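**Q** Dropping the structure in here first, questions after.
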Amino acid sequence: STGVFAQSEDEDANINENALEEVIVSATRREESIMEISLSVQSIPEQVLELPIFNDVNDITMLIPGATGFSNKPPYKEGIQMRGSGITQSGADDGRAPVGYYVDDVPFVDISTPVPPPIGTFDLQRIEVVRGPQGTSYGQDSVGGSIIMRTNPVDLEDFGYKVILGISDVNGVSNQGYTVGGVLNMPIATESFGMRVSYLREYDPGYGRIAGRPEVDDPTANDRDSVRVKLLWDVNETLDLELTHSEWNTTYNIMPGTGVISTINDEMVLVNPTSDMMQAAFPGGLPKSKYEISWTTLLARFDLGWAELTSSTGFVDTPKKETNYEERDPWGGTGVVIFNQPTESLTQQFRLVSTTESPLQWIAGAYYMDAESGSGGLVDYPEYEFRGELVDYIDAETWAVFGEIDYEFNEQWSAEFGVRYHDEERTFTYSETYSDPSDPILGPYTGYADVGTEGTAFDSWNYSMALNWKPTDESLYYLTNSSSSRAPILILESTRRQFERVGMPVPASGFDPAKLVNTELGAKWTLLQGRLQ
């Protein structure tokens, strides 16, 4: 309900004092009121993100209309679908993320598992969510939309800090979870150079039990350490530089979503890992998986007077993204996987945004990505006498140019048009080596070997159009139409042979590129003199 205000001598002042604060976002590359943007945009503020029910980006999907958080063997395939576009629909194991992820204007790309960065919501200033294709205003193409995370900036004037401490208790779990962390902001040279450091440690005791192993009381426990160091140098009135280094180190016991054999009576029972391979890799039969991810970014902003030039560089290094588990299939067979998915990716984006007062506004940009992945490891199916080492290498190179223009005909009518050209090449090299009976359990293997290389090349043109009508200061109506393209799904020859060996139908490969066209009719109102939007 809305409060009733007493009459005052200055009624306008009374209304303004109790009005909601105007929501300003920069999803369109300019700071604008969310009510003025002809896009389906949502802003989630810091006050919400600091609530204890939110830990990372996947948790905020419950706040986004049309978004769904999903996973296939979490956490290494946790993802977000928006308007039905997600990893499961797009065959995005080769890194073509259907949703774009940005932190402080820098795209986050991991081609082995195109999922959000594991950034915690603690010390985020806000998250902006834009639904629908965004390739004409953003370097990283996206079918479903973009999720833009903005960390709190370095304060060049005031020293400051904040801390967080939390505990959690789950019925039926013996250990308690906890969260502890803090942020320290330090102006080193007043108004010109400063640093902001944040650290967070999270422990989750997990849940469930291992069949026949009552002594193990935390089978799915995991812990994560997150560190971020941000340096800001305000060089002069026209240039500032921001260097950020982030690290996330996570250790899992039995990975969530793996090894489940029963969930009867609201109790999750996990398989007891007893295979020869699992015992050899992890004495005692309790697997662990480690994630080590680092991300270094450099953001430079130049004020040219007539436009702002932004250069954003990012380097993601993932030496460890392990997936180690043992499972039982419906027929009682055992499957063991000991895998790692190391990746490296370099992204570079340049963007010009007009800043002059004119009916014509524009954006122009260029994007480049160079990435490689060496996903591979051991698999073992004892009942089927199948043991081998499988490795898939991916080399990817992408470049794109994009731009938009926005013209205001008068105070009521405006139109927008954008275009994007996208070009990418990917090379897939697979290697399969199978074990002879005399080979060591963990290799090296000397049996049948299969090696091959395949590649894809893909380019596309896409567009965006919008017509906006603003009949009053309190309303906006818009009609948009935009497109996005997806590369053909490639089924490697090695994968096709694996299907053939077990007598399963072989999936088709080499489909034509997929095209998505998004049409949106939207209306926005500001009512009750700004108190309701």
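Chains: A, B, ... in order of the structure tokens. Residues: from 1 per chain. Ligands: from 1, in order shown.
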As a PyMOL selection string, please: every residue in region 68-268 of chain A that DSSP puts in helix (DSSP H, G or I).

**A** chain A and resi 87-90+92-94+264-266

**Q** Near Ser483 (chain A), counting only C-alpha atoms, which residues have an atom at most 9 Å away, once you skip same-chain residues fewer than 3 positions from it, shown as number ranges by chain?

**A** A: 132-135, 143, 461-464, 515-519

**Q** Keeping N, CA, C and O atoms, export the residues of the selection given above as a PDB file, in the first residue's frame.

**A**
```
ATOM      1  N   GLY A 132      16.748 -10.349 -24.491  1.00  0.00           N
ATOM      2  CA  GLY A 132      16.718 -10.252 -25.946  1.00  0.00           C
ATOM      3  C   GLY A 132      18.116 -10.097 -26.526  1.00  0.00           C
ATOM      4  O   GLY A 132      19.069  -9.788 -25.811  1.00  0.00           O
ATOM      5  N   PRO A 133      18.289 -10.346 -27.829  1.00  0.00           N
ATOM      6  CA  PRO A 133      19.613 -10.263 -28.467  1.00  0.00           C
ATOM      7  C   PRO A 133      20.263  -8.897 -28.258  1.00  0.00           C
ATOM      8  O   PRO A 133      19.611  -7.865 -28.381  1.00  0.00           O
ATOM      9  N   GLN A 134      21.583  -8.905 -27.967  1.00  0.00           N
ATOM     10  CA  GLN A 134      22.284  -7.663 -27.638  1.00  0.00           C
ATOM     11  C   GLN A 134      23.537  -7.444 -28.478  1.00  0.00           C
ATOM     12  O   GLN A 134      24.400  -6.670 -28.115  1.00  0.00           O
ATOM     13  N   GLY A 135      23.670  -8.129 -29.593  1.00  0.00           N
ATOM     14  CA  GLY A 135      24.931  -8.112 -30.312  1.00  0.00           C
ATOM     15  C   GLY A 135      25.297  -6.809 -30.981  1.00  0.00           C
ATOM     16  O   GLY A 135      26.453  -6.602 -31.330  1.00  0.00           O
ATOM     17  N   VAL A 143      22.194 -14.469 -27.555  1.00  0.00           N
ATOM     18  CA  VAL A 143      20.871 -14.748 -28.081  1.00  0.00           C
ATOM     19  C   VAL A 143      19.794 -14.373 -27.067  1.00  0.00           C
ATOM     20  O   VAL A 143      18.821 -13.693 -27.378  1.00  0.00           O
ATOM     21  N   TRP A 461      25.529 -11.705 -40.374  1.00  0.00           N
ATOM     22  CA  TRP A 461      25.087 -10.334 -40.199  1.00  0.00           C
ATOM     23  C   TRP A 461      23.816 -10.356 -39.360  1.00  0.00           C
ATOM     24  O   TRP A 461      22.929 -11.175 -39.575  1.00  0.00           O
ATOM     25  N   ASN A 462      23.725  -9.440 -38.390  1.00  0.00           N
ATOM     26  CA  ASN A 462      22.515  -9.328 -37.592  1.00  0.00           C
ATOM     27  C   ASN A 462      22.171  -7.855 -37.397  1.00  0.00           C
ATOM     28  O   ASN A 462      23.000  -6.969 -37.629  1.00  0.00           O
ATOM     29  N   TYR A 463      20.950  -7.604 -36.971  1.00  0.00           N
ATOM     30  CA  TYR A 463      20.456  -6.238 -36.898  1.00  0.00           C
ATOM     31  C   TYR A 463      19.602  -6.045 -35.649  1.00  0.00           C
ATOM     32  O   TYR A 463      19.170  -7.007 -34.993  1.00  0.00           O
ATOM     33  N   SER A 464      19.316  -4.785 -35.352  1.00  0.00           N
ATOM     34  CA  SER A 464      18.329  -4.430 -34.330  1.00  0.00           C
ATOM     35  C   SER A 464      17.641  -3.142 -34.771  1.00  0.00           C
ATOM     36  O   SER A 464      18.269  -2.245 -35.351  1.00  0.00           O
ATOM     37  N   LYS A 515      18.969 -19.169 -36.686  1.00  0.00           N
ATOM     38  CA  LYS A 515      18.658 -17.742 -36.655  1.00  0.00           C
ATOM     39  C   LYS A 515      17.527 -17.510 -35.662  1.00  0.00           C
ATOM     40  O   LYS A 515      16.511 -18.199 -35.697  1.00  0.00           O
ATOM     41  N   LEU A 516      17.725 -16.545 -34.780  1.00  0.00           N
ATOM     42  CA  LEU A 516      16.674 -16.180 -33.839  1.00  0.00           C
ATOM     43  C   LEU A 516      16.263 -14.746 -34.128  1.00  0.00           C
ATOM     44  O   LEU A 516      17.109 -13.865 -34.292  1.00  0.00           O
ATOM     45  N   VAL A 517      14.957 -14.519 -34.231  1.00  0.00           N
ATOM     46  CA  VAL A 517      14.421 -13.174 -34.431  1.00  0.00           C
ATOM     47  C   VAL A 517      13.529 -12.848 -33.236  1.00  0.00           C
ATOM     48  O   VAL A 517      12.625 -13.619 -32.903  1.00  0.00           O
ATOM     49  N   ASN A 518      13.804 -11.731 -32.600  1.00  0.00           N
ATOM     50  CA  ASN A 518      13.103 -11.346 -31.376  1.00  0.00           C
ATOM     51  C   ASN A 518      12.293 -10.080 -31.637  1.00  0.00           C
ATOM     52  O   ASN A 518      12.845  -9.057 -32.049  1.00  0.00           O
ATOM     53  N   THR A 519      10.973 -10.142 -31.444  1.00  0.00           N
ATOM     54  CA  THR A 519      10.107  -8.973 -31.585  1.00  0.00           C
ATOM     55  C   THR A 519       9.480  -8.675 -30.231  1.00  0.00           C
ATOM     56  O   THR A 519       8.968  -9.575 -29.567  1.00  0.00           O
TER      57      THR A 519
END
```

**Q** Which neighbours of region 47-61 of chain A fall inside 6 Å, counting only C-alpha atoms, when residues of the same chain fewer than 6 positions from it are skipped, and could you give them as an MDAnalysis selection string?

**A** chainID A and resid 67:69 119:122

**Q** A:Ser112, A:Ser168, A:Thr220, A:Ser294: which is nearest Thr251 (chain A), counting only C-alpha atoms?

**A**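 Nearest candidate to Thr251 (chain A) out of A:Ser112, A:Ser168, A:Thr220, A:Ser294: A:Thr220.
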
**Q** Excluding Val154 (chain A) and residues on its chain fewer than 4 positions from it, collect all residues at most 7 Å away from it, counting only C-alpha atoms, and give them as a PyMOL selection string.

**A** chain A and resi 185+194-196+232

**Q** Enumerate the residues of region 62-268 of chain A with a DSSP assignment of strand (DSSP E or B), computed from the backbone, and present them as an MDAnalysis selection string.

**A** chainID A and resid 67:70 79:82 85 99:103 106:107 120 124:131 145:151 160:168 177:189 193:204 209:210 222:236 239:252 260:262

**Q** Restricting the output to C-alpha atoms, write the selected residues as an mmCIF file, in the first residue's frame.

**A**
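File part-v3.cif, as written:
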```
data_model
loop_
_atom_site.group_PDB
_atom_site.id
_atom_site.type_symbol
_atom_site.label_atom_id
_atom_site.label_comp_id
_atom_site.auth_asym_id
_atom_site.auth_seq_id
_atom_site.Cartn_x
_atom_site.Cartn_y
_atom_site.Cartn_z
ATOM 1 C CA ALA A 67 14.879 -16.462 -16.633
ATOM 2 C CA THR A 68 15.614 -19.962 -15.372
ATOM 3 C CA GLY A 69 18.655 -21.267 -13.557
ATOM 4 C CA PHE A 70 19.506 -24.811 -14.552
ATOM 5 C CA GLY A 79 23.857 -21.726 -16.469
ATOM 6 C CA ILE A 80 21.059 -19.269 -17.022
ATOM 7 C CA GLN A 81 18.341 -19.453 -19.646
ATOM 8 C CA MET A 82 16.493 -16.312 -20.666
ATOM 9 C CA SER A 85 17.627 -19.599 -24.788
ATOM 10 C CA VAL A 99 23.700 -15.327 -22.491
ATOM 11 C CA GLY A 100 26.439 -12.692 -22.327
ATOM 12 C CA TYR A 101 28.173 -12.034 -19.007
ATOM 13 C CA TYR A 102 29.962 -8.752 -18.223
ATOM 14 C CA VAL A 103 31.712 -7.491 -15.112
ATOM 15 C CA VAL A 106 34.576 -6.511 -19.563
ATOM 16 C CA PRO A 107 33.128 -9.715 -21.112
ATOM 17 C CA GLY A 120 29.803 -13.483 -5.354
ATOM 18 C CA LEU A 124 28.432 -5.824 -6.107
ATOM 19 C CA GLN A 125 26.981 -2.365 -6.702
ATOM 20 C CA ARG A 126 24.189 -3.672 -8.933
ATOM 21 C CA ILE A 127 23.284 -6.214 -11.594
ATOM 22 C CA GLU A 128 21.597 -5.101 -14.805
ATOM 23 C CA VAL A 129 19.686 -7.675 -16.846
ATOM 24 C CA VAL A 130 18.838 -7.014 -20.492
ATOM 25 C CA ARG A 131 16.585 -9.536 -22.224
ATOM 26 C CA GLY A 145 20.281 -11.410 -23.344
ATOM 27 C CA SER A 146 23.088 -10.011 -21.215
ATOM 28 C CA ILE A 147 23.758 -9.960 -17.483
ATOM 29 C CA ILE A 148 25.914 -6.999 -16.506
ATOM 30 C CA MET A 149 27.544 -7.051 -13.076
ATOM 31 C CA ARG A 150 29.026 -3.875 -11.632
ATOM 32 C CA THR A 151 31.337 -4.079 -8.642
ATOM 33 C CA GLY A 160 36.424 2.651 4.219
ATOM 34 C CA TYR A 161 35.715 -0.964 5.037
ATOM 35 C CA LYS A 162 32.908 -3.416 5.553
ATOM 36 C CA VAL A 163 32.728 -6.982 6.840
ATOM 37 C CA ILE A 164 30.355 -9.882 6.453
ATOM 38 C CA LEU A 165 29.859 -12.849 8.762
ATOM 39 C CA GLY A 166 27.165 -15.487 8.459
ATOM 40 C CA ILE A 167 26.346 -19.017 9.538
ATOM 41 C CA SER A 168 23.848 -21.549 8.219
ATOM 42 C CA GLY A 177 28.087 -23.609 6.990
ATOM 43 C CA TYR A 178 29.649 -20.209 7.266
ATOM 44 C CA THR A 179 30.556 -17.108 5.290
ATOM 45 C CA VAL A 180 33.236 -14.625 6.311
ATOM 46 C CA GLY A 181 34.750 -11.768 4.355
ATOM 47 C CA GLY A 182 35.525 -8.114 4.102
ATOM 48 C CA VAL A 183 36.258 -5.155 1.865
ATOM 49 C CA LEU A 184 38.959 -2.517 2.338
ATOM 50 C CA ASN A 185 39.023 0.730 0.328
ATOM 51 C CA MET A 186 42.217 2.820 0.445
ATOM 52 C CA PRO A 187 42.873 6.151 -1.288
ATOM 53 C CA ILE A 188 46.634 6.078 -1.858
ATOM 54 C CA ALA A 189 46.954 9.427 -3.634
ATOM 55 C CA PHE A 193 45.046 6.708 -7.201
ATOM 56 C CA GLY A 194 43.385 4.165 -4.957
ATOM 57 C CA MET A 195 42.793 0.492 -4.259
ATOM 58 C CA ARG A 196 39.844 -1.672 -3.231
ATOM 59 C CA VAL A 197 40.429 -5.215 -1.934
ATOM 60 C CA SER A 198 37.732 -7.766 -1.178
ATOM 61 C CA TYR A 199 37.966 -11.296 0.219
ATOM 62 C CA LEU A 200 35.259 -13.868 0.864
ATOM 63 C CA ARG A 201 35.419 -17.419 2.185
ATOM 64 C CA GLU A 202 32.354 -19.653 1.981
ATOM 65 C CA TYR A 203 31.871 -23.143 3.377
ATOM 66 C CA ASP A 204 28.857 -25.313 2.595
ATOM 67 C CA ARG A 209 25.043 -39.593 2.901
ATOM 68 C CA ILE A 210 27.192 -42.246 1.246
ATOM 69 C CA ASN A 222 32.509 -27.534 -0.687
ATOM 70 C CA ASP A 223 34.415 -24.370 0.109
ATOM 71 C CA ARG A 224 35.347 -21.350 -1.985
ATOM 72 C CA ASP A 225 37.835 -18.507 -1.541
ATOM 73 C CA SER A 226 37.236 -15.363 -3.602
ATOM 74 C CA VAL A 227 39.719 -12.487 -3.883
ATOM 75 C CA ARG A 228 39.442 -9.282 -5.914
ATOM 76 C CA VAL A 229 41.981 -6.447 -6.079
ATOM 77 C CA LYS A 230 40.985 -3.326 -7.990
ATOM 78 C CA LEU A 231 43.367 -0.431 -8.719
ATOM 79 C CA LEU A 232 42.087 2.881 -10.101
ATOM 80 C CA TRP A 233 44.339 5.593 -11.504
ATOM 81 C CA ASP A 234 42.660 8.839 -12.480
ATOM 82 C CA VAL A 235 45.464 9.991 -14.761
ATOM 83 C CA ASN A 236 43.943 13.326 -15.755
ATOM 84 C CA LEU A 239 41.857 9.424 -18.942
ATOM 85 C CA ASP A 240 41.394 6.890 -16.162
ATOM 86 C CA LEU A 241 42.725 3.337 -15.906
ATOM 87 C CA GLU A 242 41.299 0.460 -13.858
ATOM 88 C CA LEU A 243 43.225 -2.781 -13.316
ATOM 89 C CA THR A 244 41.389 -5.662 -11.631
ATOM 90 C CA HIS A 245 42.575 -9.139 -10.679
ATOM 91 C CA SER A 246 40.098 -11.741 -9.396
ATOM 92 C CA GLU A 247 40.649 -15.310 -8.225
ATOM 93 C CA TRP A 248 38.210 -18.049 -7.262
ATOM 94 C CA ASN A 249 39.453 -21.295 -5.716
ATOM 95 C CA THR A 250 36.840 -23.952 -4.952
ATOM 96 C CA THR A 251 37.166 -27.470 -3.571
ATOM 97 C CA TYR A 252 34.328 -29.995 -3.819
ATOM 98 C CA VAL A 260 23.003 -40.084 -6.602
ATOM 99 C CA ILE A 261 21.410 -43.519 -6.263
ATOM 100 C CA SER A 262 18.293 -42.690 -4.238
#
```

**Q** Could you list, with a cut-off of 9 Å and counting only C-alpha atoms, the residues of region 123-209 of chain A near region 388-406 of chain A, each shown with its nearest atom pair and the distance in Å rounded to one decimal, rows sorted by chain and ascending number, as CSV?

**A**
```
residue,atom,partner,partner_atom,distance
A:Gly135,CA,A:Phe402,CA,7.3
A:Thr136,CA,A:Phe402,CA,5.1
A:Ser137,CA,A:Gly403,CA,6.1
A:Tyr138,CA,A:Phe402,CA,7.6
A:Gly139,CA,A:Ala400,CA,7.1
A:Gln140,CA,A:Ala400,CA,8.6
A:Asp141,CA,A:Ala400,CA,8.9
```

**Q** Would you output that residue set with N, CA and C atoms, as a PDB file, in the first residue's frame?

**A**
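For reference, result10.pdb as written:
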```
ATOM      1  N   GLY A 135      23.670  -8.129 -29.593  1.00  0.00           N
ATOM      2  CA  GLY A 135      24.931  -8.112 -30.312  1.00  0.00           C
ATOM      3  C   GLY A 135      25.297  -6.809 -30.981  1.00  0.00           C
ATOM      4  N   THR A 136      24.339  -5.879 -31.181  1.00  0.00           N
ATOM      5  CA  THR A 136      24.680  -4.641 -31.875  1.00  0.00           C
ATOM      6  C   THR A 136      25.201  -3.557 -30.938  1.00  0.00           C
ATOM      7  N   SER A 137      25.110  -3.749 -29.634  1.00  0.00           N
ATOM      8  CA  SER A 137      25.642  -2.769 -28.684  1.00  0.00           C
ATOM      9  C   SER A 137      26.676  -3.372 -27.748  1.00  0.00           C
ATOM     10  N   TYR A 138      26.906  -4.681 -27.839  1.00  0.00           N
ATOM     11  CA  TYR A 138      27.868  -5.353 -26.982  1.00  0.00           C
ATOM     12  C   TYR A 138      28.810  -6.195 -27.838  1.00  0.00           C
ATOM     13  N   GLY A 139      30.068  -6.305 -27.396  1.00  0.00           N
ATOM     14  CA  GLY A 139      31.032  -7.082 -28.158  1.00  0.00           C
ATOM     15  C   GLY A 139      30.729  -8.561 -28.172  1.00  0.00           C
ATOM     16  N   GLN A 140      30.366  -9.108 -27.024  1.00  0.00           N
ATOM     17  CA  GLN A 140      30.049 -10.523 -26.921  1.00  0.00           C
ATOM     18  C   GLN A 140      28.611 -10.744 -27.388  1.00  0.00           C
ATOM     19  N   ASP A 141      28.440 -11.499 -28.451  1.00  0.00           N
ATOM     20  CA  ASP A 141      27.099 -11.738 -28.973  1.00  0.00           C
ATOM     21  C   ASP A 141      26.296 -12.567 -27.979  1.00  0.00           C
TER      22      ASP A 141
END
```

**Q** Counting only C-alpha atoms, which of A:Met278, A:Ile363, A:Val353, A:Val336 gets nearest to Glu308 (chain A)?

**A** A:Val353

**Q** If we count only C-alpha atoms, what is near Ser311 (chain A) at a cut-off of 7 Å, once residues fewer than 5 positions away on the same chain are taken out, given as a list of chain:residue names?

**A**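 After dropping sequence-adjacent residues, the list is A:Leu299, A:Ala300, A:Arg301, A:Gln349, A:Phe350, A:Arg351.
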
**Q** Compare A:Thr427, A:Ser482, A:Arg387, A:Trp413 by their minimum atom-to-atom distance to Tyr445 (chain A), counting only C-alpha atoms, and give me the closest one.

**A** A:Arg387

**Q** Nearest residue to Glu383 (chain A) out of A:Asp329, A:Glu411, A:Glu493, A:Glu432, using only C-alpha atoms?

**A** A:Asp329
